[in-house]
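File shown: model-v8.cif (mmCIF, C-alpha atoms and all ligand atoms; chains and numbers go by the auth columns).
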```cif
data_my_file
loop_
_atom_site.group_PDB
_atom_site.id
_atom_site.type_symbol
_atom_site.label_atom_id
_atom_site.label_comp_id
_atom_site.label_asym_id
_atom_site.label_seq_id
_atom_site.Cartn_x
_atom_site.Cartn_y
_atom_site.Cartn_z
_atom_site.B_iso_or_equiv
_atom_site.auth_seq_id
_atom_site.auth_asym_id
ATOM 1 C CA MET A 1 -6.689 -8.204 13.322 0.00 822 E
ATOM 2 C CA SER A 2 -8.844 -5.845 15.371 0.00 823 E
ATOM 3 C CA LYS A 3 -12.390 -4.914 14.416 0.00 824 E
ATOM 4 C CA ASP A 4 -11.207 -1.350 13.719 0.00 825 E
ATOM 5 C CA GLU A 5 -8.700 -2.537 11.143 0.00 826 E
ATOM 6 C CA ASP A 6 -11.254 -4.887 9.588 0.00 827 E
ATOM 7 C CA PHE A 7 -13.570 -1.919 9.288 0.00 828 E
ATOM 8 C CA LYS A 8 -10.919 0.194 7.561 0.00 829 E
ATOM 9 C CA ILE A 9 -10.028 -2.581 5.147 0.00 830 E
ATOM 10 C CA SER A 10 -13.604 -3.412 4.260 0.00 831 E
ATOM 11 C CA HIS A 11 -14.233 0.214 3.375 0.00 832 E
ATOM 12 C CA VAL A 12 -11.526 0.713 0.845 0.00 833 E
ATOM 13 C CA LYS A 13 -12.930 -1.397 -1.946 0.00 834 E
ATOM 14 C CA LEU A 14 -12.450 0.135 -5.357 0.00 835 E
ATOM 15 C CA GLY A 15 -14.483 -2.397 -7.276 0.00 836 E
ATOM 16 C CA VAL A 16 -11.484 -3.655 -9.234 0.00 837 E
ATOM 17 C CA GLU A 17 -10.968 -7.158 -7.961 0.00 838 E
ATOM 18 C CA GLY A 18 -7.244 -7.480 -8.615 0.00 839 E
ATOM 19 C CA LEU A 19 -6.359 -4.188 -6.942 0.00 840 E
ATOM 20 C CA ASP A 20 -8.734 -4.763 -4.040 0.00 841 E
ATOM 21 C CA LYS A 21 -7.140 -8.138 -3.358 0.00 842 E
ATOM 22 C CA GLN A 22 -3.658 -6.647 -3.371 0.00 843 E
ATOM 23 C CA HIS A 23 -4.689 -3.812 -1.052 0.00 844 E
ATOM 24 C CA LYS A 24 -6.306 -6.211 1.369 0.00 845 E
ATOM 25 C CA LYS A 25 -3.215 -8.409 1.465 0.00 846 E
ATOM 26 C CA ILE A 26 -0.861 -5.460 2.048 0.00 847 E
ATOM 27 C CA LEU A 27 -3.050 -3.930 4.763 0.00 848 E
ATOM 28 C CA LYS A 28 -3.414 -7.276 6.516 0.00 849 E
ATOM 29 C CA ASP A 29 0.320 -7.891 6.370 0.00 850 E
ATOM 30 C CA ILE A 30 1.136 -4.468 7.827 0.00 851 E
ATOM 31 C CA SER A 31 -1.411 -5.034 10.542 0.00 852 E
ATOM 32 C CA ASN A 32 0.078 -8.452 11.361 0.00 853 E
ATOM 33 C CA ILE A 33 3.593 -7.030 11.451 0.00 854 E
ATOM 34 C CA LEU A 34 2.387 -4.263 13.764 0.00 855 E
ATOM 35 C CA THR A 35 0.996 -6.764 16.237 0.00 856 E
ATOM 36 C CA SER A 36 4.227 -8.758 16.258 0.00 857 E
ATOM 37 C CA SER A 37 6.681 -5.908 15.891 0.00 858 E
ATOM 38 C CA SER A 38 8.653 -6.823 19.015 0.00 859 E
ATOM 39 C CA GLU A 39 10.049 -9.849 17.212 0.00 860 E
ATOM 40 C CA GLU A 40 13.775 -10.328 16.918 0.00 861 E
ATOM 41 C CA ASP A 41 15.487 -8.404 14.112 0.00 862 E
ATOM 42 C CA VAL A 42 16.051 -11.303 11.698 0.00 863 E
ATOM 43 C CA LEU A 43 12.422 -12.380 11.699 0.00 864 E
ATOM 44 C CA PHE A 44 11.167 -8.809 11.585 0.00 865 E
ATOM 45 C CA LEU A 45 13.475 -8.033 8.679 0.00 866 E
ATOM 46 C CA LYS A 46 12.192 -11.057 6.771 0.00 867 E
ATOM 47 C CA LYS A 47 8.612 -9.854 7.156 0.00 868 E
ATOM 48 C CA ILE A 48 9.518 -6.341 6.066 0.00 869 E
ATOM 49 C CA GLN A 49 11.294 -7.653 2.989 0.00 870 E
ATOM 50 C CA GLU A 50 8.274 -9.776 2.106 0.00 871 E
ATOM 51 C CA LEU A 51 5.993 -6.774 2.561 0.00 872 E
ATOM 52 C CA LYS A 52 8.285 -4.638 0.425 0.00 873 E
ATOM 53 C CA LYS A 53 8.114 -7.213 -2.346 0.00 874 E
ATOM 54 C CA ILE A 54 4.327 -7.268 -2.451 0.00 875 E
ATOM 55 C CA MET A 55 4.078 -3.487 -2.171 0.00 876 E
ATOM 56 C CA PHE A 56 6.485 -2.945 -5.044 0.00 877 E
ATOM 57 C CA LYS A 57 4.610 -5.531 -7.099 0.00 878 E
ATOM 58 C CA HIS A 58 1.333 -3.776 -6.334 0.00 879 E
ATOM 59 C CA TYR A 59 2.715 -0.407 -7.375 0.00 880 E
ATOM 60 C CA GLU A 60 3.997 -1.955 -10.563 0.00 881 E
ATOM 61 C CA THR A 61 0.491 -3.277 -11.278 0.00 882 E
ATOM 62 C CA GLU A 62 -1.101 0.121 -10.654 0.00 883 E
ATOM 63 C CA GLU A 63 1.480 2.030 -12.653 0.00 884 E
ATOM 64 C CA LYS A 64 0.968 -0.285 -15.616 0.00 885 E
ATOM 65 C CA PHE A 65 -2.796 0.072 -15.203 0.00 886 E
ATOM 66 C CA MET A 66 -2.468 3.876 -15.264 0.00 887 E
ATOM 67 C CA LYS A 67 -0.160 3.847 -18.269 0.00 888 E
ATOM 68 C CA ASP A 68 -2.315 1.430 -20.236 0.00 889 E
ATOM 69 C CA ASN A 69 -5.293 3.692 -19.657 0.00 890 E
ATOM 70 C CA SER A 70 -3.461 6.976 -20.304 0.00 891 E
ATOM 71 C CA TYR A 71 -4.351 8.247 -16.858 0.00 892 E
ATOM 72 C CA THR A 72 -3.673 11.969 -16.720 0.00 893 E
ATOM 73 C CA GLU A 73 -2.549 11.966 -13.054 0.00 894 E
ATOM 74 C CA HIS A 74 -0.090 9.134 -13.528 0.00 895 E
ATOM 75 C CA ASP A 75 2.969 11.120 -12.440 0.00 896 E
ATOM 76 C CA ALA A 76 1.424 12.528 -9.272 0.00 897 E
ATOM 77 C CA HIS A 77 0.112 9.095 -8.331 0.00 898 E
ATOM 78 C CA LYS A 78 3.477 7.512 -8.988 0.00 899 E
ATOM 79 C CA SER A 79 5.230 10.044 -6.802 0.00 900 E
ATOM 80 C CA GLU A 80 2.891 9.019 -3.940 0.00 901 E
ATOM 81 C CA HIS A 81 3.994 5.429 -4.495 0.00 902 E
ATOM 82 C CA ASN A 82 7.606 6.538 -4.358 0.00 903 E
ATOM 83 C CA LYS A 83 7.110 8.133 -0.932 0.00 904 E
ATOM 84 C CA LEU A 84 5.994 4.842 0.604 0.00 905 E
ATOM 85 C CA LYS A 85 8.626 2.874 -1.307 0.00 906 E
ATOM 86 C CA LYS A 86 11.233 5.102 0.290 0.00 907 E
ATOM 87 C CA LEU A 87 9.661 4.647 3.694 0.00 908 E
ATOM 88 C CA ILE A 88 9.673 0.859 3.598 0.00 909 E
ATOM 89 C CA GLU A 89 13.252 0.908 2.321 0.00 910 E
ATOM 90 C CA GLU A 90 14.151 3.083 5.290 0.00 911 E
ATOM 91 C CA LEU A 91 12.515 0.564 7.610 0.00 912 E
ATOM 92 C CA GLU A 92 14.366 -2.265 5.898 0.00 913 E
ATOM 93 C CA THR A 93 17.746 -0.524 6.081 0.00 914 E
ATOM 94 C CA GLU A 94 17.401 0.519 9.709 0.00 915 E
ATOM 95 C CA THR A 95 16.341 -3.025 10.640 0.00 916 E
ATOM 96 C CA ALA A 96 19.165 -4.589 8.642 0.00 917 E
ATOM 97 C CA ASN A 97 21.660 -2.270 10.331 0.00 918 E
ATOM 98 C CA GLY A 98 20.367 -3.477 13.682 0.00 919 E
ATOM 99 C CA ASN A 99 19.908 -0.012 15.111 0.00 920 E
ATOM 100 C CA ILE A 100 16.151 0.252 15.184 0.00 921 E
ATOM 101 C CA SER A 101 14.171 0.625 18.396 0.00 922 E
ATOM 102 C CA LEU A 102 10.751 -0.874 18.959 0.00 923 E
ATOM 103 C CA CYS A 103 9.354 2.623 19.062 0.00 924 E
ATOM 104 C CA ARG A 104 10.830 3.430 15.664 0.00 925 E
ATOM 105 C CA ARG A 105 9.429 0.218 14.181 0.00 926 E
ATOM 106 C CA TYR A 106 5.956 1.246 15.350 0.00 927 E
ATOM 107 C CA GLU A 107 6.431 4.773 14.116 0.00 928 E
ATOM 108 C CA LEU A 108 7.389 3.747 10.586 0.00 929 E
ATOM 109 C CA LEU A 109 4.752 1.010 10.346 0.00 930 E
ATOM 110 C CA GLU A 110 2.033 3.412 11.498 0.00 931 E
ATOM 111 C CA ILE A 111 3.097 5.983 8.906 0.00 932 E
ATOM 112 C CA LEU A 112 3.130 3.246 6.289 0.00 933 E
ATOM 113 C CA LEU A 113 -0.349 2.025 7.205 0.00 934 E
ATOM 114 C CA LYS A 114 -1.829 5.517 7.277 0.00 935 E
ATOM 115 C CA GLY A 115 -0.060 6.456 4.052 0.00 936 E
ATOM 116 C CA LEU A 116 -1.404 3.402 2.316 0.00 937 E
ATOM 117 C CA LEU A 117 -4.963 3.993 3.469 0.00 938 E
ATOM 118 C CA LEU A 118 -4.704 7.575 2.282 0.00 939 E
ATOM 119 C CA GLN A 119 -3.409 6.420 -1.097 0.00 940 E
ATOM 120 C CA ILE A 120 -6.294 4.025 -1.529 0.00 941 E
ATOM 121 C CA HIS A 121 -8.954 6.441 -0.334 0.00 942 E
ATOM 122 C CA ARG A 122 -7.683 9.406 -2.267 0.00 943 E
ATOM 123 C CA TYR A 123 -5.387 8.545 -5.161 0.00 944 E
ATOM 124 C CA ASP A 124 -6.647 5.101 -6.103 0.00 945 E
ATOM 125 C CA LYS A 125 -10.272 6.191 -5.881 0.00 946 E
ATOM 126 C CA GLN A 126 -9.485 9.191 -8.070 0.00 947 E
ATOM 127 C CA MET A 127 -7.882 6.887 -10.621 0.00 948 E
ATOM 128 C CA ILE A 128 -10.861 4.541 -10.675 0.00 949 E
ATOM 129 C CA ASP A 129 -13.325 7.447 -10.942 0.00 950 E
ATOM 130 C CA PHE A 130 -11.365 8.804 -13.903 0.00 951 E
ATOM 131 C CA LEU A 131 -11.503 5.445 -15.642 0.00 952 E
ATOM 132 C CA TYR A 132 -15.204 4.967 -14.989 0.00 953 E
ATOM 133 C CA HIS A 133 -15.871 8.328 -16.588 0.00 954 E
ATOM 134 C CA LYS A 134 -13.505 7.650 -19.429 0.00 955 E
ATOM 135 C CA TYR A 135 -15.214 4.398 -20.345 0.00 956 E
ATOM 136 C CA GLU A 136 -18.706 5.374 -19.261 0.00 957 E
ATOM 137 C CA ASP A 137 -19.927 5.768 -22.832 0.00 958 E
ATOM 138 C CA LYS A 138 -18.689 2.314 -23.766 0.00 959 E
ATOM 139 C CA PHE A 139 -20.483 0.715 -20.833 0.00 960 E
ATOM 140 C CA PHE A 140 -23.772 2.543 -21.050 0.00 961 E
ATOM 141 C CA SER A 141 -24.353 3.257 -24.716 0.00 962 E
HETATM 142 FE FE FE B . -3.047 1.094 -4.502 0.00 1 O
#
```

Any chance you could give the structure as structure tokens?
Amino acid sequence: MSKDEDFKISHVKLGVEGLDKQHKKILKDISNILTSSSEEDVLFLKKIQELKKIMFKHYETEEKFMKDNSYTEHDAHKSEHNKLKKLIEELETETANGNISLCRRYELLEILLKGLLLQIHRYDKQMIDFLYHKYEDKFFS
């Protein structure tokens, strides 16, 4: 992983250990796939399917977290998750069909990485801020 990517990853900590760990793992995996994206289709597909699994699991965790805490922006946040779910499914399908160029692999992985960083910086941070405020009284009274 390059220093740039390390920098990005180290600056997206939300302060919620479980979520931070999941984010770090997903970002590292995308970064690793990006550096080895010229691999043959079967191997590449396997990595994409593994990534999809952990991303879907992560979104499940966050959506449960939002529901359990009656987060008011749950629907908007979930629809952001759905955008990237669709994107990784697109990448999976195109790879499985064997008609994906190296350029297209890069393109989709870059969009995925940027989309994920945006989600963490914007939507996840918003969610955590909401919860801190919601429970502020309990922590500081
Ligand atoms: Fe997240």

Exercise answer, 8 Å around ligand FE 1 (chain O) with all atoms listed in the file, as an NGL selection string: :E and (840 or 843-844 or 879-880 or 883 or 937 or 940-941 or 944-945)

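Residues of protein, DNA or RNA having at least one counted atom within 10 Å of (7.0, 6.2, 8.3), given only C-alpha atoms, are Lys904, Leu905, Lys907, Leu908, Ile909, Glu911, Leu912, Arg925, Arg926, Tyr927, Glu928, Leu929, Leu930, Glu931, Ile932, Leu933, Leu934, Lys935 and Gly936 of chain E.
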
Straight-line distance linking CA of His895 in chain E with CA of Leu938 in chain E, stated in Å to one decimal: 18.4 Å

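Shortest separation to His902 in chain E among E:Ile921, E:Val837, E:Leu939, E:Leu866 occurs at residue E:Leu939, atoms counted being all atoms listed in the file.
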
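Nearest residue to Lys899 in chain E among E:Met887, E:Ile869, E:Ile854, E:Leu835 is E:Met887, counting all atoms listed in the file.
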
Resolved residues for the PyMOL selection byres (((chain E and resi 859) around 10) and not hetatm) as JSON, numbers by chain: {"E": [854, 855, 856, 857, 858, 860, 861, 862, 864, 865, 922, 923, 924, 926, 927]}
